[in-house]
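**Student:** Below is the file data_30.tsv, which contains TSV, C-alpha atoms.
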chain	number	residue	atom	x	y	z
A	124	MET	CA	-20.82	-2.26	13.78
A	125	THR	CA	-18.89	0.23	11.67
A	126	HIS	CA	-15.81	-1.16	9.98
A	127	LYS	CA	-12.61	0.81	9.69
A	128	ARG	CA	-11.88	1.91	6.14
A	129	SER	CA	-8.58	2.38	4.39
A	130	ALA	CA	-7.71	3.75	0.93
A	131	GLY	CA	-4.58	3.49	-1.16
A	132	LEU	CA	-2.89	3.88	-4.51
A	133	LEU	CA	-1.19	1.04	-6.36
A	134	LEU	CA	1.39	2.63	-8.63
A	135	TYR	CA	2.23	0.62	-11.74
A	136	ARG	CA	4.56	0.85	-14.72
A	137	GLN	CA	5.69	-1.23	-17.65
A	138	GLY	CA	9.15	-2.63	-16.96
A	139	PRO	CA	11.41	-4.92	-18.97
A	140	ALA	CA	9.53	-8.00	-17.72
A	141	GLY	CA	6.06	-6.45	-18.11
A	142	THR	CA	3.82	-4.81	-15.55
A	143	GLU	CA	5.40	-3.91	-12.21
A	144	VAL	CA	3.71	-2.54	-9.07
A	145	LEU	CA	5.16	-0.42	-6.29
A	146	LEU	CA	4.77	-2.04	-2.87
A	147	GLY	CA	5.84	-0.87	0.57
A	148	HIS	CA	7.37	-3.07	3.26
A	149	MET	CA	5.60	-2.38	6.54
A	150	GLY	CA	7.77	-0.72	9.14
A	151	GLY	CA	8.17	-1.42	12.81
A	152	PRO	CA	9.45	-4.30	14.88
A	153	PHE	CA	6.67	-6.77	14.01
A	154	TRP	CA	7.57	-6.71	10.31
A	155	ALA	CA	11.35	-6.22	10.47
A	156	ARG	CA	12.26	-9.81	9.62
A	157	LYS	CA	9.21	-10.69	7.56
A	158	ASP	CA	9.34	-10.57	3.78
A	159	ALA	CA	6.54	-12.86	2.56
A	160	ARG	CA	3.21	-11.24	3.51
A	161	GLY	CA	5.04	-8.23	4.99
A	162	TRP	CA	4.31	-5.82	2.11
A	163	SER	CA	1.34	-3.59	1.43
A	164	VAL	CA	-0.20	-1.20	-1.05
A	165	PRO	CA	0.61	2.31	0.27
A	166	LYS	CA	-2.64	3.12	2.08
A	167	GLY	CA	-4.14	4.35	5.29
A	168	GLU	CA	-7.32	4.81	7.28
A	169	TYR	CA	-9.79	7.58	6.72
A	170	GLU	CA	-12.84	8.86	8.55
A	171	SER	CA	-16.41	8.97	7.31
A	172	GLY	CA	-16.98	12.14	5.35
A	173	GLU	CA	-13.52	12.07	3.75
A	174	GLU	CA	-13.47	11.11	0.08
A	175	PRO	CA	-11.62	7.78	-0.28
A	176	LEU	CA	-9.57	8.91	-3.29
A	177	ALA	CA	-8.52	12.07	-1.42
A	178	ALA	CA	-7.49	9.85	1.52
A	179	ALA	CA	-5.51	7.62	-0.84
A	180	HIS	CA	-3.63	10.71	-2.10
A	181	ARG	CA	-2.97	11.90	1.46
A	182	GLU	CA	-1.74	8.49	2.57
A	183	PHE	CA	0.56	8.08	-0.45
A	184	HIS	CA	2.18	11.40	0.44
A	185	GLU	CA	2.38	10.58	4.16
A	186	GLU	CA	3.85	7.12	3.66
A	187	LEU	CA	6.26	7.87	0.79
A	188	GLY	CA	7.02	11.56	1.32
A	189	ARG	CA	6.15	12.40	-2.28
A	190	PRO	CA	2.92	13.62	-3.88
A	191	ALA	CA	0.71	11.03	-5.50
A	192	PRO	CA	0.93	10.86	-9.29
A	193	GLN	CA	-1.85	12.47	-11.28
A	194	GLY	CA	-4.33	10.06	-12.90
A	195	PRO	CA	-5.86	8.50	-14.76
A	196	TYR	CA	-6.99	6.31	-11.89
A	197	LEU	CA	-8.30	2.80	-12.34
A	198	SER	CA	-10.67	1.72	-9.60
A	199	LEU	CA	-9.65	-1.67	-8.26
A	200	GLY	CA	-12.63	-1.76	-5.92
A	201	GLU	CA	-12.60	-2.76	-2.31
A	202	LYS	CA	-11.78	-5.85	-0.28
A	203	LYS	CA	-12.68	-6.69	3.28
A	204	GLN	CA	-9.58	-7.75	5.21
A	205	PRO	CA	-9.58	-10.54	7.84
A	206	SER	CA	-9.48	-7.79	10.51
A	207	GLY	CA	-12.79	-6.47	9.17
A	208	LYS	CA	-11.20	-3.34	7.72
A	209	ILE	CA	-12.43	-2.47	4.23
A	210	VAL	CA	-9.62	-1.45	1.87
A	211	THR	CA	-10.31	0.52	-1.33
A	212	VAL	CA	-7.55	0.84	-3.94
A	213	TRP	CA	-6.98	2.70	-7.18
A	214	ALA	CA	-4.19	1.96	-9.62
A	215	VAL	CA	-2.33	4.82	-11.26
A	216	PRO	CA	0.46	4.71	-13.83
A	217	GLY	CA	3.67	6.40	-12.85
A	218	ASP	CA	7.26	6.02	-11.88
A	219	PHE	CA	8.84	6.35	-8.48
A	220	ASP	CA	12.49	6.09	-7.49
A	221	PRO	CA	12.53	4.05	-4.26
A	222	ALA	CA	15.65	5.95	-3.16
A	223	THR	CA	13.60	9.16	-2.90
A	224	MET	CA	11.14	7.80	-0.33
A	225	VAL	CA	10.88	9.83	2.88
A	226	PRO	CA	8.65	7.66	5.08
A	227	GLY	CA	6.13	8.91	7.55
A	228	THR	CA	6.42	7.55	11.08
A	229	PHE	CA	4.26	6.19	13.85
A	230	SER	CA	4.91	5.86	17.58
A	231	MET	CA	4.43	2.80	19.73
A	232	GLU	CA	5.62	1.38	23.01
A	233	TRP	CA	8.57	-0.91	22.29
A	234	PRO	CA	9.50	-3.27	23.71
A	235	ARG	CA	5.95	-3.95	24.78
A	236	GLY	CA	5.43	-3.24	28.48
A	237	SER	CA	8.68	-1.23	28.74
A	238	GLY	CA	7.02	2.18	28.97
A	239	ARG	CA	9.43	3.36	26.26
A	240	VAL	CA	7.80	4.93	23.19
A	241	GLN	CA	9.73	4.78	19.92
A	242	ASP	CA	9.11	6.07	16.42
A	243	PHE	CA	9.14	3.70	13.45
A	244	PRO	CA	8.67	4.28	9.72
A	245	GLU	CA	5.21	3.41	8.39
A	246	LEU	CA	6.98	1.78	5.45
A	247	ASP	CA	10.69	1.01	5.78
A	248	ARG	CA	11.26	0.57	2.05
A	249	VAL	CA	9.46	0.38	-1.29
A	250	GLU	CA	10.17	-1.86	-4.23
A	251	TRP	CA	8.98	-2.39	-7.78
A	252	CYS	CA	7.62	-5.93	-8.01
A	253	THR	CA	6.45	-8.21	-10.75
A	254	PRO	CA	2.94	-9.59	-10.23
A	255	GLU	CA	4.46	-12.96	-9.27
A	256	ARG	CA	6.62	-11.38	-6.55
A	257	ALA	CA	3.71	-9.19	-5.41
A	258	ARG	CA	1.46	-12.21	-4.88
A	259	VAL	CA	4.03	-13.70	-2.46
A	260	ALA	CA	5.09	-10.44	-0.78
A	261	LEU	CA	1.72	-8.75	-0.22
A	262	VAL	CA	-0.48	-9.29	2.78
A	263	ALA	CA	-2.66	-12.11	1.44
A	264	ALA	CA	-5.93	-10.16	1.35
A	265	GLN	CA	-4.37	-7.45	-0.85
A	266	THR	CA	-3.23	-9.75	-3.68
A	267	VAL	CA	-6.68	-9.34	-5.24
A	268	PHE	CA	-5.75	-5.78	-6.21
A	269	VAL	CA	-2.83	-6.99	-8.36
A	270	ASP	CA	-5.11	-9.49	-10.09
A	271	ARG	CA	-7.75	-6.82	-10.71
A	272	LEU	CA	-5.13	-4.46	-12.14
A	273	LEU	CA	-3.81	-7.10	-14.53
A	274	ALA	CA	-7.35	-7.89	-15.66
A	275	LYS	CA	-7.97	-4.19	-16.42
A	276	LEU	CA	-4.68	-3.91	-18.34
A	277	ALA	CA	-5.20	-7.12	-20.34
A	278	PRO	CA	-5.56	-6.77	-24.12
A	279	GLY	CA	-9.23	-6.45	-24.95
A	280	ALA	CA	-10.19	-5.24	-21.47
A	281	LYS	CA	-12.79	-2.47	-21.43
A	282	ALA	CA	-11.49	1.00	-20.67
A	283	PRO	CA	-12.28	2.17	-17.13
Would you mind writing the file's structure down as structure tokens?

**Tutor:**
Amino acid sequence: MTHKRSAGLLLYRQGPAGTEVLLGHMGGPFWARKDARGWSVPKGEYESGEEPLAAAHREFHEELGRPAPQGPYLSLGEKKQPSGKIVTVWAVPGDFDPATMVPGTFSMEWPRGSGRVQDFPELDRVEWCTPERARVALVAAQTVFVDRLLAKLAPGAKAP
């Protein structure tokens, strides 16, 4: 069985309270009222043959409407999600004004069974989060990427 694969970029910066990461709140009716566990690293699926980092760049642009920042990129590895999808993430330093986001959209039948297809934003908003907030907000299986980033940024950590 071939698992679906997804790649993304975790943007980070040093804010007044320390390291912050840029997370996106998932769009659409299923996530509209969910905050805890309703956020994600900007990412998306890719097909075999596509380079994962290239897919991460494409998805960042599609989901946020802005080009991905230039490196250096820190590999945060991969993590198999409960769905079986394998997610690969890189961290990249940069800044992003959440007000400039122009989200990509997806279409789905809503309400279910109505025959009516509607468009929804892939991400309905983005926010800079402290690691503590990120651990509560992120889909549980993605919190590992925040922990891996902090380990790589820790004093005395080996350069990537």

**Student:** What is the distance, in Å and to one decimal place, between CA of Ala191 (chain A) and CA of Ala214 (chain A)?

**Tutor:**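 Computing it gives 11.1 Å between the two atoms.
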
**Student:** What's the 10 Å shell around Pro254 (chain A), counting all atoms listed in the file, without same-chain residues fewer than 2 positions away, as a VMD selection string?

**Tutor:** chain A and resid 141 to 144 251 to 252 256 to 260 266 269 to 270 272 to 273

**Student:** In Å, with one decimal, what is the gap from CA of Ala178 (chain A) to CA of Asp158 (chain A)?

**Tutor:** 26.6 Å

**Student:** Using CA of Ser129 (chain A) and CA of Val240 (chain A) as the two end points, give the distance in Å to one decimal.

**Tutor:**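 Computed distance, CA of Ser129 (chain A) to CA of Val240 (chain A), equals 25.1 Å.
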
**Student:** Looking at only C-alpha atoms, which of A:Gly207, A:Pro278, A:Pro165, A:Pro152 is the one that sits closest to Gly227 (chain A)?

**Tutor:** A:Pro165

**Student:** Anything within 12 Å of (-8.6, -3.6, -0.1): list those residues as a PyMOL selection string, counting all atoms listed in the file and sticking to the file's coordinates.

**Tutor:** chain A and resi 127-133+163-168+175+179+198-214+261-269+271

**Student:** Return the single residue from A:Tyr135, A:Pro226, A:Pro234, A:Leu276 that is closest to Gly194 (chain A), with distances computed using all atoms listed in the file.

**Tutor:** A:Tyr135

**Student:** Restricting the calculation to all atoms listed in the file, which member of A:Glu173, A:Asp220, A:Glu186, A:Glu232 is positioned closest to Leu246 (chain A)?

**Tutor:** A:Glu186

**Student:** Measuring between all atoms listed in the file, which one of A:Phe243, A:Lys275, A:Glu170, A:Pro221 shows the shortest distance to Gly147 (chain A)?

**Tutor:**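 Selected residue with least distance to Gly147 (chain A): A:Pro221.
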
**Student:** Using only the atoms of region 185-189 of chain A listed in the file, plus 4 Å on each side, state the axis-aligned box centre and edge lengths in Å rounded to one decimal, as lines of an AutoDock Vina configuration file.

**Tutor:**
center_x = 4.7
center_y = 9.8
center_z = 0.9
size_x = 12.6
size_y = 13.3
size_z = 14.4
